[in-house]
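Colleague: Structure: data.txt, compact mmCIF, C-alpha atoms.
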# COMPACT_ATOMS: atom_id res chain seq x y z
CA MET A 19 0.00 0.00 0.00
CA LYS A 20 1.52 3.28 -0.99
CA LYS A 21 0.82 6.98 -1.29
CA THR A 22 1.50 9.28 -4.25
CA PHE A 23 0.14 12.81 -4.23
CA LEU A 24 0.26 14.91 -7.36
CA LEU A 25 0.87 18.29 -5.76
CA LEU A 26 -2.06 18.69 -3.45
CA PRO A 27 -3.11 22.32 -3.59
CA LEU A 28 -2.65 23.77 -0.13
CA LEU A 29 -2.82 27.13 1.44
CA ALA A 30 -0.07 26.78 4.01
CA MET A 31 -1.67 27.05 7.41
CA LEU A 32 0.71 28.36 10.01
CA LEU A 33 0.13 26.49 13.22
CA ALA A 34 2.29 28.73 15.35
CA CYS A 35 4.03 27.57 18.50
CA GLY A 36 4.09 30.97 20.06
CA GLY A 37 1.23 32.76 18.33
CA ASP A 38 -0.63 33.12 15.04
CA ASP A 39 0.70 36.52 14.01
CA ALA A 40 2.91 35.99 10.95
CA SER A 41 3.13 39.69 10.07
CA GLY A 42 6.86 39.97 10.63
CA PRO A 43 9.87 39.00 12.73
CA SER A 44 9.19 38.28 16.37
CA TRP A 45 11.94 37.47 18.83
CA ARG A 46 12.03 36.87 22.55
CA ASP A 47 15.22 37.45 24.48
CA ARG A 48 14.52 34.43 26.63
CA ASP A 49 15.89 30.95 26.14
CA TYR A 50 14.07 27.81 27.19
CA ARG A 51 15.29 27.18 30.73
CA ASN A 52 16.03 23.90 32.38
CA GLU A 53 14.92 24.69 35.90
CA GLY A 54 16.79 21.75 37.33
CA ASN A 55 13.89 19.79 38.79
CA ASN A 56 14.59 16.12 39.19
CA ASN A 57 13.26 13.18 37.24
CA GLN A 58 9.58 12.36 37.84
CA GLY A 59 6.51 13.19 39.92
CA ASN A 60 5.08 16.69 40.15
CA ASN A 61 8.07 18.44 38.60
CA ASP A 62 6.06 20.70 36.32
CA LYS A 63 8.05 23.35 34.45
CA ASP A 64 6.78 26.59 32.99
CA PRO A 65 4.97 25.68 29.73
CA ASN A 66 5.25 29.27 28.54
CA ASP A 67 9.03 29.21 28.65
CA PHE A 68 9.40 28.67 24.94
CA GLY A 69 12.75 29.79 23.60
CA GLU A 70 13.91 31.86 20.67
CA TYR A 71 11.96 32.68 17.51
CA PRO A 72 12.94 32.54 13.84
CA SER A 73 11.33 35.13 11.59
CA ASP A 74 8.10 33.19 11.04
CA ASN A 75 7.08 33.17 14.71
CA HIS A 76 7.68 29.47 15.40
CA ALA A 77 9.80 28.95 18.50
CA TYR A 78 12.98 26.90 18.48
CA VAL A 79 15.75 25.88 20.85
CA ASP A 80 19.41 25.89 19.82
CA LEU A 81 20.88 22.73 21.36
CA GLY A 82 24.23 23.22 19.65
CA LEU A 83 23.35 20.68 16.96
CA SER A 84 23.25 20.88 13.16
CA VAL A 85 19.59 22.04 13.17
CA LEU A 86 17.31 24.01 15.49
CA TRP A 87 14.52 22.01 17.12
CA ALA A 88 11.01 23.44 17.43
CA THR A 89 9.59 23.77 20.93
CA CYS A 90 6.19 22.29 20.06
CA ASN A 91 4.57 19.78 17.75
CA ILE A 92 2.64 20.53 14.58
CA GLY A 93 -0.93 21.26 15.65
CA SER A 94 0.06 22.41 19.15
CA SER A 95 0.54 25.83 20.70
CA SER A 96 2.53 24.70 23.73
CA GLN A 97 5.46 22.37 24.30
CA GLU A 98 3.54 19.81 26.36
CA GLN A 99 0.42 19.47 24.21
CA PRO A 100 0.36 16.52 21.77
CA GLY A 101 -0.78 18.39 18.65
CA GLY A 102 -1.96 16.38 15.66
CA TYR A 103 -1.29 12.89 14.35
CA TYR A 104 -0.24 12.54 10.72
CA PHE A 105 0.51 10.01 8.00
CA TRP A 106 3.95 10.13 6.40
CA GLY A 107 3.73 11.94 3.06
CA ASP A 108 0.43 13.73 3.74
CA PRO A 109 1.10 17.50 3.68
CA THR A 110 -2.53 18.38 4.41
CA GLY A 111 -2.93 16.39 7.60
CA THR A 112 -6.40 15.40 6.38
CA ALA A 113 -5.85 12.58 3.85
CA THR A 114 -7.54 9.25 4.47
CA LEU A 115 -5.62 6.00 4.59
CA GLN A 116 -7.43 4.77 1.48
CA TYR A 117 -6.37 7.86 -0.46
CA LEU A 118 -2.78 7.37 0.62
CA ILE A 119 -2.83 3.74 -0.40
CA GLU A 120 -3.98 4.76 -3.87
CA HIS A 121 -1.73 7.82 -4.18
CA ASP A 122 1.41 6.89 -2.32
CA PRO A 123 4.58 9.06 -2.24
CA ALA A 124 6.44 6.19 -0.54
CA LYS A 125 6.20 4.33 -3.87
CA GLN A 126 8.33 7.04 -5.49
CA TYR A 127 10.25 8.77 -2.71
CA GLN A 128 12.37 7.52 0.12
CA TYR A 129 13.10 11.04 1.33
CA ILE A 130 10.63 13.95 1.50
CA GLY A 131 12.37 16.53 3.70
CA GLY A 132 11.70 20.09 2.52
CA THR A 133 9.40 18.97 -0.31
CA ASN A 134 5.68 19.36 -1.03
CA TYR A 135 5.11 16.04 0.79
CA ASP A 136 6.72 17.27 4.03
CA ILE A 137 3.93 18.45 6.36
CA ALA A 138 6.32 20.49 8.53
CA HIS A 139 7.66 22.38 5.53
CA VAL A 140 4.25 22.90 3.90
CA MET A 141 2.54 24.10 7.08
CA TRP A 142 5.33 26.20 8.60
CA GLY A 143 7.29 27.28 5.50
CA GLU A 144 10.80 28.72 5.29
CA LYS A 145 13.43 26.19 6.42
CA TRP A 146 11.11 24.23 8.68
CA ARG A 147 10.95 20.55 7.78
CA LEU A 148 10.87 17.01 9.11
CA PRO A 149 14.08 15.84 10.79
CA THR A 150 16.24 13.22 9.09
CA PRO A 151 17.16 9.94 10.81
CA ASP A 152 20.70 11.30 11.22
CA GLU A 153 19.33 14.40 12.98
CA ARG A 154 17.26 12.14 15.20
CA GLU A 155 20.41 10.25 16.17
CA GLU A 156 22.34 13.48 16.66
CA LEU A 157 19.68 14.60 19.16
CA ILE A 158 19.87 11.31 21.07
CA ASP A 159 23.66 11.10 21.07
CA ASN A 160 24.24 14.69 22.20
CA CYS A 161 21.45 15.07 24.76
CA SER A 162 20.57 13.42 28.04
CA PHE A 163 17.15 11.77 28.33
CA GLN A 164 14.78 12.34 31.25
CA TRP A 165 11.17 11.28 31.66
CA ARG A 166 9.37 14.41 32.84
CA ARG A 167 5.92 15.80 33.51
CA ILE A 168 4.79 19.26 32.45
CA ASN A 169 1.29 20.40 33.42
CA GLY A 170 0.33 16.78 34.00
CA ILE A 171 1.65 15.62 30.60
CA PHE A 172 4.40 13.00 30.60
CA GLY A 173 7.11 12.95 27.99
CA ALA A 174 10.82 12.99 27.19
CA GLU A 175 13.10 15.90 27.91
CA PHE A 176 16.27 15.99 25.81
CA THR A 177 18.89 18.27 27.42
CA SER A 178 21.98 19.29 25.46
CA LYS A 179 25.39 18.01 26.51
CA VAL A 180 27.14 20.14 23.88
CA LYS A 181 29.71 22.54 25.34
CA GLY A 182 28.26 26.03 25.54
CA PHE A 183 24.67 24.76 25.22
CA GLU A 184 24.41 22.73 28.43
CA GLY A 185 20.98 22.98 30.00
CA LYS A 186 19.18 23.90 26.79
CA SER A 187 16.39 21.37 26.30
CA ILE A 188 13.27 20.39 24.41
CA PHE A 189 10.29 18.44 25.69
CA LEU A 190 8.57 15.84 23.49
CA PRO A 191 5.19 14.82 24.93
CA ALA A 192 4.39 11.12 25.05
CA ALA A 193 1.49 11.65 22.68
CA GLY A 194 1.12 8.04 21.55
CA GLY A 195 0.02 7.32 18.01
CA MET A 196 -2.97 6.39 15.87
CA GLU A 197 -3.63 2.89 14.56
CA ALA A 198 -6.80 2.37 12.52
CA ASP A 199 -8.25 5.61 13.94
CA THR A 200 -7.59 4.44 17.49
CA LEU A 201 -5.29 6.41 19.77
CA ILE A 202 -2.81 4.15 21.56
CA ASP A 203 -0.12 4.69 24.20
CA GLU A 204 -1.06 8.30 25.02
CA GLY A 205 0.95 9.37 28.06
CA VAL A 206 3.07 6.25 27.76
CA CYS A 207 5.06 6.42 24.51
CA GLY A 208 6.09 9.01 21.95
CA TYR A 209 6.26 8.25 18.21
CA TYR A 210 7.84 11.00 16.11
CA MET A 211 8.16 11.07 12.32
CA THR A 212 11.34 11.56 10.30
CA ASP A 213 11.54 12.37 6.59
CA GLU A 214 12.62 8.92 5.37
CA THR A 215 11.22 5.47 4.79
CA GLY A 216 13.12 2.22 5.01
CA GLU A 217 12.55 -1.20 3.54
CA ASP A 218 12.93 -4.75 4.81
CA GLN A 219 11.64 -8.18 3.79
CA GLU A 220 8.14 -7.20 4.91
CA GLY A 221 7.99 -3.95 2.94
CA LEU A 222 8.25 -0.21 3.54
CA TYR A 223 8.16 1.54 6.90
CA VAL A 224 8.91 5.00 8.36
CA HIS A 225 12.07 5.79 10.30
CA SER A 226 10.91 7.36 13.56
CA LEU A 227 11.94 8.45 17.04
CA ASN A 228 10.16 6.23 19.57
CA PHE A 229 10.48 6.36 23.35
CA ASP A 230 8.85 5.59 26.67
CA GLU A 231 9.81 6.25 30.29
CA GLN A 232 12.78 3.87 30.00
CA GLY A 233 14.33 5.77 27.12
CA VAL A 234 14.55 5.65 23.34
CA PHE A 235 13.69 2.34 21.70
CA VAL A 236 16.92 0.74 20.47
CA HIS A 237 18.18 -2.36 18.75
CA THR A 238 19.69 -5.09 20.89
CA PHE A 239 21.78 -6.79 18.22
CA GLY A 240 24.93 -5.67 16.43
CA GLY A 241 25.54 -4.48 12.91
CA VAL A 242 22.79 -1.85 12.74
CA LYS A 243 22.33 1.75 13.79
CA PRO A 244 21.41 1.81 17.48
CA TYR A 245 18.32 4.01 17.13
CA GLU A 246 16.66 2.36 14.13
CA CYS A 247 13.09 2.85 15.32
CA TRP A 248 10.20 2.38 12.94
CA ALA A 249 6.53 3.05 12.42
CA SER A 250 4.03 1.59 10.00
CA LEU A 251 3.13 3.72 6.98
CA ASP A 252 -0.47 3.02 7.94
CA ALA A 253 -0.03 4.62 11.38
CA LYS A 254 -0.28 8.29 12.32
CA MET A 255 2.35 9.87 14.52
CA SER A 256 3.53 13.18 15.97
CA VAL A 257 5.65 15.73 14.11
CA ARG A 258 8.33 17.87 15.77
CA PRO A 259 9.86 20.10 13.06
CA VAL A 260 13.47 21.20 12.76
CA PHE A 261 14.76 24.44 11.23
CA GLY A 262 17.71 24.26 8.84
CA ASP A 263 18.86 23.61 5.30
CA VAL A 264 17.94 20.29 3.69
CA PRO A 265 21.02 18.02 3.75
CA ALA A 266 22.81 18.02 0.41
CA ASP A 267 23.24 14.28 -0.07
CA PRO A 268 20.18 12.17 0.68
CA GLY A 269 17.32 13.62 -1.29
CA GLN A 270 17.87 13.42 -5.02
CA SER A 271 19.87 10.20 -5.09
CA LYS A 272 17.39 8.36 -2.86
CA GLN A 273 14.41 9.66 -4.82
CA LYS A 274 15.97 8.41 -8.06
CA VAL A 275 16.69 4.98 -6.57
CA ARG A 276 13.14 4.57 -5.28
CA SER A 277 11.62 5.80 -8.56
CA ALA A 278 13.71 3.35 -10.57
CA ARG A 279 12.74 0.46 -8.30
CA ALA A 280 9.08 1.46 -8.33
CA ALA A 281 9.03 1.50 -12.12
CA ALA A 282 10.40 -2.02 -12.23
CA GLN A 283 8.56 -3.50 -9.27
CA PRO A 284 6.10 -1.49 -7.15
CA GLN A 285 7.04 -1.45 -3.48
CA GLN A 286 4.71 -2.88 -0.86
CA ARG A 287 3.86 -1.34 2.49
CA ASN A 288 4.70 -3.21 5.64
CA MET A 289 1.19 -4.19 6.69
CA SER A 290 2.00 -4.93 10.32
CA LYS A 291 0.61 -2.18 12.46
CA GLY A 292 2.52 -0.54 15.22
CA PHE A 293 5.60 1.27 16.34
CA GLY A 294 8.92 0.12 17.80
CA SER A 295 12.30 -1.05 16.64
CA ALA A 296 13.03 -4.10 14.55
CA ALA A 297 14.57 -5.87 17.52
CA THR A 298 12.65 -4.58 20.53
CA GLN A 299 9.16 -3.25 20.97
CA ARG A 300 8.30 -2.62 24.58
CA SER A 301 5.09 -4.02 25.96
CA ARG A 302 1.97 -1.91 25.76
CA ARG A 303 0.87 -0.59 29.13
Starting from the coordinates I provided, produce the structure as structure tokens.

Modeller:
Amino acid sequence: MKKTFLLLPLLAMLLACGGDDASGPSWRDRDYRNEGNNNQGNNDKDPNDFGEYPSDNHAYVDLGLSVLWATCNIGSSSQEQPGGYYFWGDPTGTATLQYLIEHDPAKQYQYIGGTNYDIAHVMWGEKWRLPTPDEREELIDNCSFQWRRINGIFGAEFTSKVKGFEGKSIFLPAAGGMEADTLIDEGVCGYYMTDETGEDQEGLYVHSLNFDEQGVFVHTFGGVKPYECWASLDAKMSVRPVFGDVPADPGQSKQKVRSARAAAQPQQRNMSKGFGSAATQRSRR
């Protein structure tokens, strides 16, 4: 099952993290603060403590990494709120699964970052886009993980370990995900989309960032990247945009490879529902 949109006409809706006024530059001279509360329980932090603002009014935090990470999800106006749940390759956020099966970008494209299929780029504009798997791994490798609660919402706080950026952090709510129009794992797990699909013997899947209170889902066997989490193309997940240039290498070459393969033998979706990693998927709570 795959999705191919011929440019869906959209008027880019700006779902602003810090406000809906897109009339011009808006900056706050206040960084997101790590207030130093410890691990769990009632350690609520200020949900209005958002960070810095690029020119389009969407807040970001500079963790000292290759890209800037937004402080809230697409569809949310605060860092702790879940926001929306979206299919990979649907820039409208409204497409049905049946439509995506019939018009499937995954059949043609392995990489959609910064394109008309990238919901973060279409909705927020400028250099906002979905993160790549490498940027996902950069976040994990260069930040500490803590399970936190903000205004009663549990999630993962990633705090920079990069020199000069220590204490800068982002909070990803454990928003769960959607399977067959059913919300699962809300408050228990987070499932966050990247801009790439992968392929194994069972078909195509989405590279994702998946976590629960124990940490990021990882492989337990050798020979693979440690954070190779996945999600079904038929599942909806959260989107946390990044701000930065599209990497030079992956896009065009991967799109050409997928298009050539698709012309010879159409790719199949991985029909197994769910989220996890190929080696470990933690038990549902």

Colleague: Could the centre and edge lengths of an axis-aligned box, enclosing all atoms of segment 150-154 of chain A in the file with 3 Å extra on each side, be given in Å to one decimal as lines of an AutoDock Vina configuration file?

Modeller:
center_x = 18.5
center_y = 12.2
center_z = 12.1
size_x = 10.5
size_y = 10.5
size_z = 12.1

Colleague: How many Å separate atom CA of Ser256 of chain A from atom CA of Tyr103 of chain A?

Modeller: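 Answer for the atom CA of Ser256 of chain A to atom CA of Tyr103 of chain A separation: 5.1 Å.
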
Colleague: One number please: atom CA of Thr133 of chain A to atom CA of Ser94 of chain A, in Å, one decimal.

Modeller: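 These atoms are spaced 21.9 Å apart.
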
Colleague: May I ask for the distance between atom CA of Tyr210 of chain A and atom CA of Ile158 of chain A, given in Å to one decimal place?

Modeller: 13.0 Å

Colleague: Restricting the calculation to all atoms listed in the file: of A:Asp122, A:Glu155, A:Asp252, A:Asp136, which residue gets closest to Gly195 of chain A?

Modeller: A:Asp252

Colleague: Using only C-alpha atoms, determine which residues lie at most 10 Å from Cys90 of chain A, disregarding the query and same-chain residues fewer than 6 positions distant; provide the list as a VMD selection string.

Modeller: chain A and resid 34 to 36 68 76 to 78 96 to 101 188 to 191 257 to 259

Colleague: For Gly93 of chain A, which residue out of A:Glu70, A:Glu231, A:Glu120, A:Ile137 is the nearest one, using only C-alpha atoms?

Modeller: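 When distances to Gly93 of chain A are compared using only C-alpha atoms, the smallest one comes from A:Ile137.
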
Colleague: Pick from A:Pro123, A:Gly194, A:Pro109, A:Gly182: nearest to Lys254 of chain A, with all atoms listed in the file counted?

Modeller: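 Once distances to Lys254 of chain A are computed over all atoms listed in the file, the minimum belongs to A:Gly194.
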
Colleague: Take the point (20.7, 18.4, 13.9) as written in the file and pick out every residue within 10 Å of it, counting only C-alpha atoms; give the list as a list in words.

Modeller: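 The answer, in the requested form, is Asp80, Leu81, Gly82, Leu83, Ser84, Val85, Leu86, Trp87, Pro149, Thr150, Pro151, Asp152, Glu153, Arg154, Glu155, Glu156, Leu157, Asn160, Val260, Phe261 and Gly262 of chain A.
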
Colleague: Go through A:Tyr209, A:Tyr135, A:Tyr104, A:Phe172 one by one, measure the shortest atom-to-atom distance of each to Leu227 of chain A using only C-alpha atoms, and give the residue with the smallest value.

Modeller: A:Tyr209
